[in-house]
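Novice: You'll find model_18.pdb just under this line, and it carries PDB, C-alpha atoms.
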ATOM      1  CA  MET P   1      -8.775  12.651  14.373
ATOM      2  CA  MET P   2      -9.454  10.474  11.318
ATOM      3  CA  VAL P   3     -11.392   7.276  11.902
ATOM      4  CA  VAL P   4     -12.028   4.799   9.104
ATOM      5  CA  VAL P   5     -15.346   3.001   9.485
ATOM      6  CA  SER P   6     -15.858  -0.230   7.591
ATOM      7  CA  TYR P   7     -18.847  -2.552   7.718
ATOM      8  CA  ASP P   8     -20.259  -5.746   6.286
ATOM      9  CA  ILE P   9     -24.023  -5.892   6.718
ATOM     10  CA  ASN P  10     -25.886  -9.126   6.000
ATOM     11  CA  THR P  11     -28.424  -7.995   3.423
ATOM     12  CA  GLU P  12     -30.112 -11.334   2.785
ATOM     13  CA  SER P  13     -33.229 -10.065   4.562
ATOM     14  CA  LYS P  14     -35.297  -6.902   4.140
ATOM     15  CA  SER P  15     -34.285  -5.835   7.647
ATOM     16  CA  GLY P  16     -30.633  -6.258   6.620
ATOM     17  CA  GLN P  17     -31.157  -3.994   3.613
ATOM     18  CA  ARG P  18     -32.730  -1.400   5.936
ATOM     19  CA  ARG P  19     -29.784  -1.715   8.377
ATOM     20  CA  LEU P  20     -27.410  -1.119   5.445
ATOM     21  CA  ARG P  21     -29.179   2.095   4.444
ATOM     22  CA  HIS P  22     -29.274   3.335   8.028
ATOM     23  CA  VAL P  23     -25.626   2.523   8.714
ATOM     24  CA  ALA P  24     -24.545   4.339   5.541
ATOM     25  CA  LYS P  25     -26.653   7.370   6.462
ATOM     26  CA  ILE P  26     -25.158   7.550   9.944
ATOM     27  CA  CYS P  27     -21.619   7.366   8.540
ATOM     28  CA  LEU P  28     -22.441  10.162   6.069
ATOM     29  CA  ASP P  29     -23.355  12.335   9.080
ATOM     30  CA  TYR P  30     -19.705  12.149  10.184
ATOM     31  CA  GLY P  31     -17.622  11.722   7.063
ATOM     32  CA  GLN P  32     -17.275  10.798   3.416
ATOM     33  CA  ARG P  33     -17.700   7.501   1.641
ATOM     34  CA  VAL P  34     -14.479   6.291   0.013
ATOM     35  CA  GLN P  35     -15.629   2.823  -0.948
ATOM     36  CA  ASN P  36     -18.965   1.057  -0.922
ATOM     37  CA  SER P  37     -18.780   0.205   2.771
ATOM     38  CA  VAL P  38     -15.794   2.235   3.896
ATOM     39  CA  PHE P  39     -15.971   5.798   5.219
ATOM     40  CA  GLU P  40     -13.363   8.311   6.302
ATOM     41  CA  CYS P  41     -14.697  10.262   9.299
ATOM     42  CA  LYS P  42     -12.912  13.300  10.739
ATOM     43  CA  VAL P  43     -14.289  13.413  14.281
ATOM     44  CA  ASN P  44     -13.407  14.468  17.816
ATOM     45  CA  SER P  45     -13.673  11.958  20.672
ATOM     46  CA  MET P  46     -17.239  12.962  21.551
ATOM     47  CA  GLN P  47     -18.414  12.632  17.956
ATOM     48  CA  LEU P  48     -16.649   9.274  17.712
ATOM     49  CA  GLU P  49     -18.487   7.940  20.779
ATOM     50  CA  LEU P  50     -21.811   9.242  19.469
ATOM     51  CA  MET P  51     -21.235   7.730  16.009
ATOM     52  CA  LYS P  52     -20.258   4.408  17.589
ATOM     53  CA  GLU P  53     -23.344   4.404  19.788
ATOM     54  CA  ARG P  54     -25.648   5.132  16.847
ATOM     55  CA  LEU P  55     -24.011   2.473  14.669
ATOM     56  CA  LEU P  56     -24.025  -0.166  17.423
ATOM     57  CA  ASP P  57     -27.714   0.534  17.980
ATOM     58  CA  GLU P  58     -28.277  -0.129  14.297
ATOM     59  CA  ILE P  59     -26.252  -3.244  13.464
ATOM     60  CA  ASP P  60     -27.239  -6.809  14.334
ATOM     61  CA  ASP P  61     -24.043  -8.085  15.893
ATOM     62  CA  SER P  62     -25.039 -11.695  15.274
ATOM     63  CA  GLN P  63     -24.956 -11.071  11.503
ATOM     64  CA  ASP P  64     -23.070  -7.863  10.760
ATOM     65  CA  SER P  65     -19.461  -6.730  11.168
ATOM     66  CA  LEU P  66     -18.324  -3.212  12.066
ATOM     67  CA  TYR P  67     -14.739  -1.980  12.274
ATOM     68  CA  PHE P  68     -13.230   1.337  13.413
ATOM     69  CA  PHE P  69      -9.622   2.039  12.444
ATOM     70  CA  ASN P  70      -8.329   5.111  14.251
ATOM     71  CA  LEU P  71      -5.611   6.862  12.235
ATOM     72  CA  GLY P  72      -5.184   9.637  14.797
ATOM     73  CA  LYS P  73      -4.518  13.315  14.112
ATOM     74  CA  ASN P  74      -1.560  12.983  11.767
ATOM     75  CA  TYR P  75      -3.327  10.794   9.305
ATOM     76  CA  LYS P  76      -2.418  12.241   5.904
ATOM     77  CA  ASN P  77       0.602  10.013   5.385
ATOM     78  CA  ARG P  78      -1.291   6.997   6.703
ATOM     79  CA  ILE P  79      -3.743   6.844   3.782
ATOM     80  CA  LYS P  80      -2.809   5.811   0.236
ATOM     81  CA  SER P  81      -5.474   5.272  -2.369
ATOM     82  CA  TYR P  82      -5.360   4.070  -5.940
ATOM     83  CA  GLY P  83      -7.940   3.682  -8.706
ATOM     84  CA  ILE P  84     -11.350   5.281  -8.898
ATOM     85  CA  LYS P  85     -12.184   7.882  -6.297
ATOM     86  CA  GLU P  86     -15.825   8.739  -6.661
ATOM     87  CA  VAL P  87     -18.242   6.161  -5.288
ATOM     88  CA  ILE P  88     -21.711   5.677  -6.716
ATOM     89  CA  ASN P  89     -24.080   5.715  -3.739
ATOM     90  CA  LEU P  90     -25.838   2.403  -4.319
ATOM     91  CA  GLU P  91     -28.716   3.280  -1.994
ATOM     92  CA  SER P  92     -29.873   6.561  -3.479
ATOM     93  CA  PRO P  93     -31.861   6.420  -6.752
ATOM     94  CA  VAL P  94     -29.958   7.702  -9.815
ATOM     95  CA  ILE P  95     -31.949  10.581 -11.350
ATOM     96  CA  PHE P  96     -31.306  11.554 -14.987
TER      97      PHE P  96
ATOM     98  CA  MET V   1       3.442  -2.359  11.190
ATOM     99  CA  MET V   2      -0.265  -2.990  10.635
ATOM    100  CA  VAL V   3      -1.701  -1.954   7.284
ATOM    101  CA  VAL V   4      -5.394  -2.255   6.532
ATOM    102  CA  VAL V   5      -6.080  -3.009   2.868
ATOM    103  CA  SER V   6      -9.536  -2.315   1.511
ATOM    104  CA  TYR V   7     -10.738  -2.693  -2.054
ATOM    105  CA  ASP V   8     -13.778  -2.339  -4.265
ATOM    106  CA  ILE V   9     -13.383  -4.343  -7.460
ATOM    107  CA  ASN V  10     -15.867  -3.880 -10.300
ATOM    108  CA  THR V  11     -17.101  -7.432 -10.833
ATOM    109  CA  GLU V  12     -19.589  -6.761 -13.613
ATOM    110  CA  SER V  13     -17.289  -8.544 -16.058
ATOM    111  CA  LYS V  14     -15.582 -11.959 -15.947
ATOM    112  CA  SER V  15     -12.217 -10.206 -15.853
ATOM    113  CA  GLY V  16     -13.427  -8.226 -12.819
ATOM    114  CA  GLN V  17     -14.387 -11.445 -11.014
ATOM    115  CA  ARG V  18     -10.889 -12.811 -11.785
ATOM    116  CA  ARG V  19      -9.279  -9.581 -10.479
ATOM    117  CA  LEU V  20     -11.320  -9.967  -7.272
ATOM    118  CA  ARG V  21     -10.052 -13.514  -6.704
ATOM    119  CA  HIS V  22      -6.461 -12.513  -7.427
ATOM    120  CA  VAL V  23      -6.568  -9.431  -5.194
ATOM    121  CA  ALA V  24      -7.993 -11.473  -2.307
ATOM    122  CA  LYS V  25      -5.311 -14.140  -2.772
ATOM    123  CA  ILE V  26      -2.528 -11.562  -2.727
ATOM    124  CA  CYS V  27      -3.898  -9.996   0.458
ATOM    125  CA  LEU V  28      -4.077 -13.448   2.097
ATOM    126  CA  ASP V  29      -0.333 -13.808   1.407
ATOM    127  CA  TYR V  30       0.273 -10.884   3.795
ATOM    128  CA  GLY V  31      -2.536 -10.923   6.311
ATOM    129  CA  GLN V  32      -5.990 -11.984   7.405
ATOM    130  CA  ARG V  33      -9.394 -11.155   6.055
ATOM    131  CA  VAL V  34     -11.557  -9.253   8.561
ATOM    132  CA  GLN V  35     -14.398  -8.336   6.245
ATOM    133  CA  ASN V  36     -15.327  -9.304   2.721
ATOM    134  CA  SER V  37     -12.948  -6.817   1.125
ATOM    135  CA  VAL V  38     -10.933  -5.649   4.103
ATOM    136  CA  PHE V  39      -7.684  -7.252   5.294
ATOM    137  CA  GLU V  40      -5.384  -6.617   8.245
ATOM    138  CA  CYS V  41      -1.782  -7.113   7.103
ATOM    139  CA  LYS V  42       1.174  -7.121   9.538
ATOM    140  CA  VAL V  43       4.080  -6.257   7.254
ATOM    141  CA  ASN V  44       7.481  -4.565   7.225
ATOM    142  CA  SER V  45       8.193  -1.774   4.731
ATOM    143  CA  MET V  46       9.642  -4.126   2.127
ATOM    144  CA  GLN V  47       6.661  -6.474   2.299
ATOM    145  CA  LEU V  48       4.331  -3.476   2.082
ATOM    146  CA  GLU V  49       5.985  -2.244  -1.115
ATOM    147  CA  LEU V  50       5.896  -5.737  -2.622
ATOM    148  CA  MET V  51       2.224  -6.218  -1.696
ATOM    149  CA  LYS V  52       1.384  -2.805  -3.159
ATOM    150  CA  GLU V  53       3.214  -3.586  -6.373
ATOM    151  CA  ARG V  54       1.447  -6.929  -6.783
ATOM    152  CA  LEU V  55      -1.969  -5.400  -6.049
ATOM    153  CA  LEU V  56      -1.432  -2.416  -8.371
ATOM    154  CA  ASP V  57      -0.418  -4.820 -11.132
ATOM    155  CA  GLU V  58      -3.705  -6.623 -10.591
ATOM    156  CA  ILE V  59      -6.351  -3.912 -10.290
ATOM    157  CA  ASP V  60      -7.818  -1.922 -13.168
ATOM    158  CA  ASP V  61      -7.492   1.602 -11.844
ATOM    159  CA  SER V  62     -10.166   2.869 -14.220
ATOM    160  CA  GLN V  63     -12.758   0.642 -12.512
ATOM    161  CA  ASP V  64     -11.441  -0.521  -9.139
ATOM    162  CA  SER V  65     -10.566   1.200  -5.871
ATOM    163  CA  LEU V  66      -7.747   0.222  -3.504
ATOM    164  CA  TYR V  67      -6.957   1.788  -0.145
ATOM    165  CA  PHE V  68      -4.085   1.275   2.300
ATOM    166  CA  PHE V  69      -4.559   2.576   5.843
ATOM    167  CA  ASN V  70      -1.294   2.421   7.769
ATOM    168  CA  LEU V  71      -1.915   2.003  11.511
ATOM    169  CA  GLY V  72       1.797   1.878  12.327
ATOM    170  CA  LYS V  73       3.506  -0.290  14.947
ATOM    171  CA  ASN V  74       1.327   0.561  17.957
ATOM    172  CA  TYR V  75      -1.896  -0.428  16.335
ATOM    173  CA  LYS V  76      -3.711  -2.477  18.979
ATOM    174  CA  ASN V  77      -5.621   0.486  20.417
ATOM    175  CA  ARG V  78      -6.375   1.800  16.949
ATOM    176  CA  ILE V  79      -8.663  -1.080  15.970
ATOM    177  CA  LYS V  80     -12.124  -1.660  17.437
ATOM    178  CA  SER V  81     -14.405  -4.299  15.989
ATOM    179  CA  TYR V  82     -17.966  -5.302  16.740
ATOM    180  CA  GLY V  83     -20.285  -8.035  15.496
ATOM    181  CA  ILE V  84     -19.313 -11.203  13.685
ATOM    182  CA  LYS V  85     -15.623 -11.976  13.431
ATOM    183  CA  GLU V  86     -15.233 -14.912  11.125
ATOM    184  CA  VAL V  87     -15.648 -14.152   7.439
ATOM    185  CA  ILE V  88     -16.966 -16.712   4.961
ATOM    186  CA  ASN V  89     -14.505 -16.676   2.046
ATOM    187  CA  LEU V  90     -16.918 -16.075  -0.806
ATOM    188  CA  GLU V  91     -14.456 -17.180  -3.472
ATOM    189  CA  SER V  92     -13.499 -20.598  -2.185
ATOM    190  CA  PRO V  93     -16.029 -23.475  -2.581
ATOM    191  CA  VAL V  94     -17.622 -24.628   0.689
ATOM    192  CA  ILE V  95     -16.878 -28.349   1.188
ATOM    193  CA  PHE V  96     -19.085 -30.400   3.565
TER     194      PHE V  96
END
Show this structure as structure tokens.
Specialist:
Amino acid sequence: MMVVVSYDINTESKSGQRRLRHVAKICLDYGQRVQNSVFECKVNSMQLELMKERLLDEIDDSQDSLYFFNLGKNYKNRIKSYGIKEVINLESPVIF
Amino acid sequence: MMVVVSYDINTESKSGQRRLRHVAKICLDYGQRVQNSVFECKVNSMQLELMKERLLDEIDDSQDSLYFFNLGKNYKNRIKSYGIKEVINLESPVIF
């Protein structure tokens, strides 16, 4: 099934910036980044529970927001995107 | 039906900051903000087309990204959210 993961992490503190990096890394374990804080994750139910557990361990639910939108198995017609596709990974250093 | 709208607007320029404000305003016409650049919009097909048209007129598709995730009519079990709910509207001035 396709699950869209979207988060807002409060990065005003150093620990928030670390949470942001960790949350992004966890999402990359399960899917691809489509926007700065939005990921498309093709997962089965077990992977979904594991991803959720790892992300919930990471976020601070008094400051951060985490959403899962489950598009199910027949998701292709449920997603429409416009504009730029590739996303510059803001966390990883750009090497020339 | 419930449609999740998510956008990344390039705000490096003044025109980008204006696009961001306009895109947020359009989304607020159709739904509620759940994260900084993520909205839940309960719309019928006609409203969806109109919202899309207005948003596509607004974004610069060489710099911005816009996604529509259609959760359909039976959407309640498709959405799981954790952490903070209310979102501070970054565009509007905070009045004390």
Novice: Contacts from chain V to chain P, 10 Å maximum, all atoms listed in the file: show me the residue list as a PyMOL selection string.
Specialist: chain V and resi 3-9+34-38+56+59-72+75-87
Novice: Mind checking which residues fall within 12 Å of Leu50 in chain V, counting all atoms listed in the file, ignoring those fewer than 4 positions away in the same chain, and posting them as a list in words?
Specialist: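 The residues that qualify are Ile26, Cys27, Asp29, Tyr30, Val43, Asn44, Ser45, Met46, Arg54, Leu55, Leu56 and Asp57 of chain V.
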Novice: On this structure, which residues satisfy the PyMOL selection byres ((chain P and resi 42) around 6), written as a list in words?
Specialist: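 After applying the PyMOL selection byres ((chain P and resi 42) around 6), what remains is Met1, Met2, Cys41 and Val43 of chain P.
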Novice: Between CA of Arg21 in chain P and CA of Thr11 in chain V, what distance in Å does the model show, to one decimal?
Specialist: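 So the answer is 21.7 Å.
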Novice: Could you tell me how far CA of Gln47 in chain V lies from CA of Gly31 in chain V, in Å and to one decimal?
Specialist: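 Separation of CA of Gln47 in chain V and CA of Gly31 in chain V: 11.0 Å.
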Novice: Can you measure CA of Asn74 in chain V to CA of Leu48 in chain P for me? One decimal in Å is fine.
Specialist: 20.0 Å
